Amino acid sequence: MMLKSKLRHALQIVFAVASPVPVASAVRWGPPSSSTSIFAPASTPANSIFGLSLFVLLITGVIFVIVGSLLVYAAVRFRKRASDDGREPPQVYGSNQLELAWTVIPVLIVVVLFLTTARIIHAIQDAREPSNALEVTVVGHQFWWEYRYPKYGFVTANELHVPVSEPQSPTPTFLSLLSADTDHSFWVPRLAGKTDLIPNHPNNTWIDPHKTGLYLGQCAQYCGTQHAKMLLRVYVQPRADFDRWVRLQQQQSSPVNAQMNQEAAEGRRVFEGTACINCHAVRGTVADGRFGPDLTHLMSRDTIAAGAAPNTPENLRLWIQNPEAIKPGSLMPAMNLSDQDFDRLAAYLLTLR
Amino acid sequence: MASDAVTIPSSTRLPQEAEGTWLETLHGWVTTVDHKRLGLMYIGLALVFLLIGGVEATIMRIQLAVPHAHFVSPQVFNRMFTMHGTTMIFFVAMPILFGFANYLVPLMIGARDMAFPRLNAWSFWMAAFGGLLLYFSFIGGDGLYGAGSAPDVGWWAYAPLTSPAFSKGHSTDYWTIALLVSGFGSIGTAINILTTTLSMRCRGMTLGKMPLFAWLNLVMSGMVLIVISPLTAAQIMLMIDRYLGGHFFDTQAGGSATIWMHFFWIFGHPEVYVLVIPAFAFVSEIVPVFSRKAIFGYPVMVAATVGIGFISMSVWAHHMFTIGMTSYGNAFFVATTMAISVPTGIKIFNWLGTMWGGKIRYATPMVFCLGFLFQFLIAGLTGIMLAAAPWDWQLSGSYFVVAHFHYVIVGGILFALFGAFYYWYPKMTGRMLDEVLGKWHFWLFLIGFHLTFDFMHIPGILGMPRRIYTYEPGRGWEGWNMIVTIGVIFQAAAVLLFVANLVRSYFKGAPAGNDPWDAWTLEWSTSSPPPAYNFAVPPEVKSRRPLWDLKHPEDPDWKYE
Ligand SMILES: [Cu+2]
Ligand SMILES: [Cu+2]
């Protein structure tokens, strides 16, 4: 155990220091910790995988050192010398003892590796879901993520919020994985290994994060043109913050919104009068499209377009006018409205808190 | 060095066929059914595609050198990785290895040609036609209206990305038909090599005396026969889906995406061994000759290869650990995948045993084989990491995997292939490749290879998925990607040197003579290049190393075998 934690520490340092650009310097938005290293686990499945990987690294490392040294030794020791007498070396055709040795020893190693691996597979895959676990349904769409919280009765997109799991009373999150179109894969390296989202083939996975913070990841199964910008953001929050977030998400957008100014009200008319509502839902209004992300609480998100850009008024305005500028190949069409209408739309979107 | 005296059934070099006009020469090559010419044509075809595939890789590496680069659009990038993968596997690796097998198997077993020379020519032309179809997609992909487009579904072409809903136009059709057509060619070649090795060996050459090279290609052919068939079936099913209203893989109509994965990988994994076993074959010929010792543990080497052949058919779903199989399913494929490392390890140990106690000459073929041994060792060990399913849930689909299989294909197969070029080029052309250029080629390629593929493991560990046309800054990926890209420069330089060496030596290389390496198998007993009929008199052998017996009448192998 000691050795394991030491090794882990060393590895973390190596990967943090060795990484040519200091990780922190380049984060432009959101909380810190932009690491997506599989060697910095912060949740039970990722952690047991990390343990297994250290074990496998150790064994393969030893094999490498032994066989590698033998190779180097043979290559150097048995090179043809300048003083060679020109005679052929003694011909040896084989050795049954040696063959037996280098068959049996690897077989034993393989058995050990297999049993260790099988144990971890079982521990992760066959874990029972505790009754207080949070359940979220993740639906992969071409280039964005839909999150449904069935127990709380709301739908959101692209930014997954889960409560931190205290060791005394674990509250893991169990995810059902579905796909609306092509294959995707849910991969947040610090929380768990990846699991694919495959149409007609529901999958499950779970996370059990021990530390609050933002955990990044991205779609890891090629899913089409914008596979690269199908980013994942998981917010692990203290229970109280999470509950507050849930209450906010549960609210509808009220039909007559007090804080709406003139321009926003105009924007809402544009929104509800164009195709926006065929693809987007704003709960409590006529907009109930499901092709694109739910916009009910758009402004509660840090990013838009599955993490492709920070959620600023300028980016929003740019996005609705010309999604290609931010995410070429995304399935949100440019709507060809007047500049004034775009201003109004943007003003409306800004009220969706 | 050259020992022209030692030629069993001697065949002096005949005047090459009567000089004709270039049209007659061309006609001669196009209509040839000679295994040597077809072998060379396979190799030439593959080299052309190697350069094309290399350019595609370079485009990707330029785009990925820095985050948020705008060198190519996502659409172009996705086409590049699809074409790169498809090209390198189906139109470089397969044909080049078939080419060497074609050229060498009949010579090594003392035959005058393959069993079915016309089938052989047909197979070659199918491969060439397949490659042409694949690249025609650049023009015809959109149905010939305006600009075309190449396929962008990845080289595994996972369903339902290939269904009409997600892949409009014809690019996927070209991809499918290209693989169908070249697949038929591969099956033809497999039948040919199987038949040739099983029934055309010269007198005295029992299966137990057949050179390892022929044995390994025999196993490879058996595998091709078995594993290309599911791929072909899947392609036909896909075409039925796309044009005849089938729903095999059409998930929107209740089809199954995972069944495509199974079809693809039951081909795809053994395919790795289809490619690597011929590379083993090169190494198994070159290492003994340059260590001046008989291959260590011949029967075990044969058994291990056959073992690999069988086990490799039962490991395919290790490519699918993340698709949500049951824990028992996953455990099964962990077990088989780890098991295959045993016979593979045995092979490495036997090569080591061959070198042990020898007098190793470090000519270019041997240094490439040494590179192979090291890199294949590492590739095998990262393979074990990926075989540990839970760890694979992290590594699968990341740059770690990309690094791993390039370690196999470039660090292993391509290094062995370069060794094979330096070793057999003299036989094929009658002239030696330049040793100095050869060493330059080796070192440049070694540096480039390690810059690119060693450092590529790291972004994978840091969470970088493959097949992304760009990435976010600040995840610790950028510096590594720059190094990876820089390695490409060295590799490209090395490959250009190699091509230059091929061309230059063809005209200016030192004459090779029959047996420049003082080797032991039958191909070195005939002239370089061999006459159309290979051997004036069919040879007769008594051991695995007929030329050793001839050179050492006092201590022949057949006394011990
Ligand atoms: Cu995706
Ligand atoms: Cu495989």
# chains A, B, ... in the order shown; residues from 1 in each chain; ligands from 1
>>> select_by_dssp(residues="range 88-296 of chain B", states="helix (DSSP H, G or I)", output="ChimeraX atom specification")
/B:88-108,117-140,171-199,207-209,212-243,251-253,257-291
>>> residues_near_ligand(ligand="ligand 1", cutoff="9 Å", atoms="only C-alpha atoms and all ligand atoms", output="list in words")
Gly140, His141, Gln142, Phe143, Trp144, Trp145, Thr182, Asp183, His184, Ser185, Phe186, Leu197, Gln218, Cys219, Ala220, Gln221, Tyr222, Cys223, Gly224, Gln226, His227, Ala228, Lys229, Met230 and Leu231 of chain A
>>> write_last_selection(atoms="N, CA and C atoms", output="PDB file, in the first residue's frame")
ATOM      1  N   GLY A 140     -25.863  10.547 -25.812  1.00  0.00           N
ATOM      2  CA  GLY A 140     -24.896  11.139 -26.725  1.00  0.00           C
ATOM      3  C   GLY A 140     -25.595  11.580 -27.994  1.00  0.00           C
ATOM      4  N   HIS A 141     -25.327  12.815 -28.417  1.00  0.00           N
ATOM      5  CA  HIS A 141     -25.844  13.311 -29.688  1.00  0.00           C
ATOM      6  C   HIS A 141     -24.657  13.716 -30.516  1.00  0.00           C
ATOM      7  N   GLN A 142     -24.868  13.777 -31.828  1.00  0.00           N
ATOM      8  CA  GLN A 142     -23.722  14.200 -32.605  1.00  0.00           C
ATOM      9  C   GLN A 142     -23.284  15.561 -32.087  1.00  0.00           C
ATOM     10  N   PHE A 143     -22.223  15.483 -31.362  1.00  0.00           N
ATOM     11  CA  PHE A 143     -21.370  16.547 -30.877  1.00  0.00           C
ATOM     12  C   PHE A 143     -21.863  17.280 -29.638  1.00  0.00           C
ATOM     13  N   TRP A 144     -22.821  16.723 -28.896  1.00  0.00           N
ATOM     14  CA  TRP A 144     -23.139  17.301 -27.573  1.00  0.00           C
ATOM     15  C   TRP A 144     -23.771  16.241 -26.697  1.00  0.00           C
ATOM     16  N   TRP A 145     -23.850  16.556 -25.392  1.00  0.00           N
ATOM     17  CA  TRP A 145     -24.330  15.588 -24.407  1.00  0.00           C
ATOM     18  C   TRP A 145     -25.649  16.054 -23.799  1.00  0.00           C
ATOM     19  N   THR A 182     -24.965   8.184 -33.519  1.00  0.00           N
ATOM     20  CA  THR A 182     -23.838   7.280 -33.771  1.00  0.00           C
ATOM     21  C   THR A 182     -23.208   6.876 -32.442  1.00  0.00           C
ATOM     22  N   ASP A 183     -22.116   6.113 -32.511  1.00  0.00           N
ATOM     23  CA  ASP A 183     -21.421   5.737 -31.283  1.00  0.00           C
ATOM     24  C   ASP A 183     -20.706   6.942 -30.686  1.00  0.00           C
ATOM     25  N   HIS A 184     -20.697   7.003 -29.377  1.00  0.00           N
ATOM     26  CA  HIS A 184     -19.890   7.982 -28.648  1.00  0.00           C
ATOM     27  C   HIS A 184     -19.240   7.228 -27.497  1.00  0.00           C
ATOM     28  N   SER A 185     -18.408   7.916 -26.744  1.00  0.00           N
ATOM     29  CA  SER A 185     -17.863   7.267 -25.564  1.00  0.00           C
ATOM     30  C   SER A 185     -17.677   8.296 -24.460  1.00  0.00           C
ATOM     31  N   PHE A 186     -18.128   7.923 -23.275  1.00  0.00           N
ATOM     32  CA  PHE A 186     -18.084   8.824 -22.125  1.00  0.00           C
ATOM     33  C   PHE A 186     -16.771   8.601 -21.388  1.00  0.00           C
ATOM     34  N   LEU A 197     -21.365   4.857 -25.777  1.00  0.00           N
ATOM     35  CA  LEU A 197     -22.795   5.070 -25.929  1.00  0.00           C
ATOM     36  C   LEU A 197     -23.131   4.604 -27.335  1.00  0.00           C
ATOM     37  N   GLN A 218     -13.619  14.017 -22.727  1.00  0.00           N
ATOM     38  CA  GLN A 218     -14.282  14.261 -23.994  1.00  0.00           C
ATOM     39  C   GLN A 218     -14.702  12.961 -24.637  1.00  0.00           C
ATOM     40  N   CYS A 219     -15.547  13.109 -25.646  1.00  0.00           N
ATOM     41  CA  CYS A 219     -16.038  11.940 -26.356  1.00  0.00           C
ATOM     42  C   CYS A 219     -14.838  11.176 -26.899  1.00  0.00           C
ATOM     43  N   ALA A 220     -14.823   9.865 -26.681  1.00  0.00           N
ATOM     44  CA  ALA A 220     -13.643   9.090 -27.051  1.00  0.00           C
ATOM     45  C   ALA A 220     -13.939   8.036 -28.098  1.00  0.00           C
ATOM     46  N   GLN A 221     -15.089   8.132 -28.738  1.00  0.00           N
ATOM     47  CA  GLN A 221     -15.342   7.221 -29.850  1.00  0.00           C
ATOM     48  C   GLN A 221     -15.727   8.089 -31.041  1.00  0.00           C
ATOM     49  N   TYR A 222     -14.992   7.926 -32.122  1.00  0.00           N
ATOM     50  CA  TYR A 222     -15.203   8.798 -33.281  1.00  0.00           C
ATOM     51  C   TYR A 222     -16.684   8.794 -33.670  1.00  0.00           C
ATOM     52  N   CYS A 223     -17.284   9.986 -33.737  1.00  0.00           N
ATOM     53  CA  CYS A 223     -18.727  10.043 -33.950  1.00  0.00           C
ATOM     54  C   CYS A 223     -19.104  10.963 -35.098  1.00  0.00           C
ATOM     55  N   GLY A 224     -18.127  11.430 -35.857  1.00  0.00           N
ATOM     56  CA  GLY A 224     -18.457  12.290 -36.996  1.00  0.00           C
ATOM     57  C   GLY A 224     -17.612  13.552 -36.986  1.00  0.00           C
ATOM     58  N   GLN A 226     -17.479  16.628 -35.929  1.00  0.00           N
ATOM     59  CA  GLN A 226     -17.014  17.429 -34.796  1.00  0.00           C
ATOM     60  C   GLN A 226     -16.734  16.606 -33.549  1.00  0.00           C
ATOM     61  N   HIS A 227     -16.374  15.369 -33.738  1.00  0.00           N
ATOM     62  CA  HIS A 227     -16.000  14.508 -32.623  1.00  0.00           C
ATOM     63  C   HIS A 227     -15.009  15.207 -31.680  1.00  0.00           C
ATOM     64  N   ALA A 228     -14.132  16.020 -32.254  1.00  0.00           N
ATOM     65  CA  ALA A 228     -13.070  16.630 -31.442  1.00  0.00           C
ATOM     66  C   ALA A 228     -13.620  17.637 -30.435  1.00  0.00           C
ATOM     67  N   LYS A 229     -14.728  18.277 -30.754  1.00  0.00           N
ATOM     68  CA  LYS A 229     -15.224  19.294 -29.836  1.00  0.00           C
ATOM     69  C   LYS A 229     -16.492  18.832 -29.147  1.00  0.00           C
ATOM     70  N   MET A 230     -16.483  17.587 -28.776  1.00  0.00           N
ATOM     71  CA  MET A 230     -17.583  17.052 -27.982  1.00  0.00           C
ATOM     72  C   MET A 230     -17.007  16.811 -26.594  1.00  0.00           C
ATOM     73  N   LEU A 231     -16.822  17.922 -25.889  1.00  0.00           N
ATOM     74  CA  LEU A 231     -16.076  17.867 -24.631  1.00  0.00           C
ATOM     75  C   LEU A 231     -17.011  17.566 -23.466  1.00  0.00           C
TER      76      LEU A 231
END
>>> residues_near_ligand(ligand="ligand 2", cutoff="9 Å", atoms="only C-alpha atoms and all ligand atoms", output="PyMOL selection string")
chain B and resi 265-266+268-273+312+315-319+337+383
>>> write_last_selection(atoms="C-alpha atoms", output="compact mmCIF listing (two decimals), in the first residue's frame")
# COMPACT_ATOMS: atom_id res chain seq x y z
CA TRP B 265 -12.52 -7.18 -35.32
CA ILE B 266 -12.71 -10.91 -35.91
CA GLY B 268 -9.09 -6.91 -37.54
CA HIS B 269 -7.20 -8.56 -34.76
CA PRO B 270 -5.96 -11.60 -36.67
CA GLU B 271 -5.03 -9.11 -39.37
CA VAL B 272 -2.36 -7.80 -37.02
CA TYR B 273 -0.86 -11.26 -37.01
CA SER B 312 -5.34 -14.87 -32.48
CA VAL B 315 -9.03 -12.37 -28.98
CA TRP B 316 -10.89 -9.92 -31.19
CA ALA B 317 -13.14 -8.37 -28.58
CA HIS B 318 -10.19 -6.85 -26.74
CA HIS B 319 -10.84 -4.05 -29.21
CA THR B 337 -5.25 -11.88 -25.17
CA GLY B 383 -0.08 -4.80 -25.49
>>> residues_around(residues="Leu381 in chain B", least_positions_apart="4", cutoff="8 Å", atoms="only C-alpha atoms", output="mmCIF file with N, CA, C and O atoms, in the first residue's frame")
data_model
loop_
_atom_site.group_PDB
_atom_site.id
_atom_site.type_symbol
_atom_site.label_atom_id
_atom_site.label_comp_id
_atom_site.auth_asym_id
_atom_site.auth_seq_id
_atom_site.Cartn_x
_atom_site.Cartn_y
_atom_site.Cartn_z
ATOM 1 N N THR A 60 5.394 -5.600 -16.248
ATOM 2 C CA THR A 60 5.932 -5.413 -17.596
ATOM 3 C C THR A 60 7.282 -4.716 -17.528
ATOM 4 O O THR A 60 8.169 -4.993 -18.330
ATOM 5 N N PHE A 64 10.630 -6.066 -19.159
ATOM 6 C CA PHE A 64 11.387 -5.250 -20.106
ATOM 7 C C PHE A 64 12.856 -5.184 -19.716
ATOM 8 O O PHE A 64 13.741 -5.364 -20.560
ATOM 9 N N LEU B 377 9.444 -6.021 -28.606
ATOM 10 C CA LEU B 377 9.358 -6.325 -27.174
ATOM 11 C C LEU B 377 8.501 -5.272 -26.468
ATOM 12 O O LEU B 377 7.568 -5.583 -25.725
ATOM 13 N N MET B 385 -0.491 -4.253 -21.294
ATOM 14 C CA MET B 385 -1.194 -3.206 -20.538
ATOM 15 C C MET B 385 -2.610 -3.038 -21.084
ATOM 16 O O MET B 385 -3.575 -2.902 -20.340
#
>>> select_by_dssp(residues="range 84-163 of chain A", states="strand (DSSP E)", output="list in words")
Leu134, Glu135, Val136, Thr137, Val138, Val139, Gly140, His141, Trp144, Trp145, Glu146, Tyr147, Arg148, Tyr149, Phe154, Val155, Thr156, Ala157, Glu159, Leu160, His161, Val162 and Pro163 of chain A
>>> residues_around(residues="range 158-174 of chain A", least_positions_apart="4", cutoff="7 Å", atoms="only C-alpha atoms", output="PyMOL selection string")
chain A and resi 132-136+144-147+205-212+232-239+242+301+306
>>> write_last_selection(atoms="C-alpha atoms", output="PDB file, in the first residue's frame")
ATOM      1  CA  ASN A 132     -28.938   6.462  -2.326  1.00  0.00           C
ATOM      2  CA  ALA A 133     -27.032   6.633  -5.597  1.00  0.00           C
ATOM      3  CA  LEU A 134     -27.859   9.431  -7.997  1.00  0.00           C
ATOM      4  CA  GLU A 135     -29.096   8.244 -11.361  1.00  0.00           C
ATOM      5  CA  VAL A 136     -28.463  10.206 -14.524  1.00  0.00           C
ATOM      6  CA  TRP A 144     -23.139  17.301 -27.573  1.00  0.00           C
ATOM      7  CA  TRP A 145     -24.330  15.588 -24.407  1.00  0.00           C
ATOM      8  CA  GLU A 146     -27.835  15.437 -23.021  1.00  0.00           C
ATOM      9  CA  TYR A 147     -28.229  14.762 -19.293  1.00  0.00           C
ATOM     10  CA  THR A 205     -21.182   3.060 -15.819  1.00  0.00           C
ATOM     11  CA  TRP A 206     -20.653   4.698 -12.478  1.00  0.00           C
ATOM     12  CA  ILE A 207     -18.475   7.269 -10.789  1.00  0.00           C
ATOM     13  CA  ASP A 208     -17.786   7.891  -7.164  1.00  0.00           C
ATOM     14  CA  PRO A 209     -15.829  11.119  -6.882  1.00  0.00           C
ATOM     15  CA  HIS A 210     -14.111  11.899  -3.605  1.00  0.00           C
ATOM     16  CA  LYS A 211     -13.039  15.450  -4.284  1.00  0.00           C
ATOM     17  CA  THR A 212     -15.074  18.413  -5.403  1.00  0.00           C
ATOM     18  CA  LEU A 232     -17.160  16.637 -21.233  1.00  0.00           C
ATOM     19  CA  ARG A 233     -17.404  18.670 -18.056  1.00  0.00           C
ATOM     20  CA  VAL A 234     -18.338  17.072 -14.776  1.00  0.00           C
ATOM     21  CA  TYR A 235     -18.898  19.358 -11.785  1.00  0.00           C
ATOM     22  CA  VAL A 236     -18.476  17.519  -8.533  1.00  0.00           C
ATOM     23  CA  GLN A 237     -20.103  19.694  -5.887  1.00  0.00           C
ATOM     24  CA  PRO A 238     -20.623  19.637  -2.153  1.00  0.00           C
ATOM     25  CA  ARG A 239     -24.040  18.204  -1.409  1.00  0.00           C
ATOM     26  CA  PHE A 242     -25.582  20.319  -5.707  1.00  0.00           C
ATOM     27  CA  ARG A 301     -23.666  26.844 -17.841  1.00  0.00           C
ATOM     28  CA  ALA A 306     -20.288  21.079 -25.556  1.00  0.00           C
TER      29      ALA A 306
END
>>> atom_distance(atom1="CA of Gly86 in chain A", atom2="CA of Lys359 in chain B")
9.5 Å
>>> residues_around(residues="Gln321 in chain A", least_positions_apart="4", cutoff="9 Å", atoms="only C-alpha atoms", output="list of chain:residue names")
A:Leu316, A:Arg317, A:Pro333, A:Ala334, A:Met335, A:Asn336, A:Leu337, A:Asp339, A:Phe342
>>> write_last_selection(atoms="N, CA and C atoms", output="short mmCIF file (atom, residue, chain, number, x, y, z; two decimals), in the first residue's frame")
data_model
loop_
_atom_site.label_atom_id
_atom_site.label_comp_id
_atom_site.auth_asym_id
_atom_site.auth_seq_id
_atom_site.Cartn_x
_atom_site.Cartn_y
_atom_site.Cartn_z
N LEU A 316 -22.12 33.79 -27.39
CA LEU A 316 -23.50 33.37 -27.66
C LEU A 316 -24.00 34.01 -28.95
N ARG A 317 -23.74 35.30 -29.06
CA ARG A 317 -24.18 36.06 -30.22
C ARG A 317 -23.54 35.48 -31.49
N PRO A 333 -27.74 24.82 -37.45
CA PRO A 333 -27.60 25.59 -38.69
C PRO A 333 -27.47 27.08 -38.42
N ALA A 334 -26.82 27.78 -39.33
CA ALA A 334 -26.82 29.25 -39.27
C ALA A 334 -28.19 29.69 -39.76
N MET A 335 -28.84 30.62 -39.02
CA MET A 335 -30.25 30.85 -39.28
C MET A 335 -30.56 32.00 -40.23
N ASN A 336 -29.56 32.74 -40.65
CA ASN A 336 -29.81 33.81 -41.63
C ASN A 336 -30.88 34.81 -41.21
N LEU A 337 -30.79 35.32 -40.00
CA LEU A 337 -31.70 36.37 -39.56
C LEU A 337 -31.01 37.72 -39.70
N ASP A 339 -29.34 41.25 -38.39
CA ASP A 339 -28.48 41.56 -37.26
C ASP A 339 -29.29 41.93 -36.03
N PHE A 342 -30.72 38.97 -34.35
CA PHE A 342 -29.71 38.24 -33.59
C PHE A 342 -29.45 38.93 -32.26
#
>>> residues_around(residues="range 258-273 of chain A", least_positions_apart="3", cutoff="8 Å", atoms="only C-alpha atoms", output="ChimeraX atom specification")
/A:276-277,286-287,341-349,351
>>> residues_around(residues="range 199-214 of chain B", least_positions_apart="4", cutoff="7 Å", atoms="only C-alpha atoms", output="list in words")
Val105, Ile109, Gly110, Ala111, Thr195, Leu218, Ala281, Phe282, Ser284, Glu285, Pro538, Pro539, Glu540, Val541, Lys542, Ser543 and Arg544 of chain B
>>> atom_distance(atom1="CA of Ile458 in chain B", atom2="CA of Ile384 in chain B")
17.0 Å
>>> closest_residue(among="B:Ser182, B:Thr258, B:Asn534, B:Ser527", to="chain A", atoms="only C-alpha atoms")
B:Thr258
>>> atom_distance(atom1="CA of Ile308 in chain B", atom2="CA of Ser341 in chain B")
8.7 Å
>>> closest_residue(among="A:Asn47, A:Asn200, A:Gln97, A:Ser179", to="chain B", atoms="only C-alpha atoms")
A:Asn200
>>> closest_residue(among="B:Phe349, B:Phe507, B:Trp29, B:Phe116", to="chain A", atoms="only C-alpha atoms")
B:Phe349
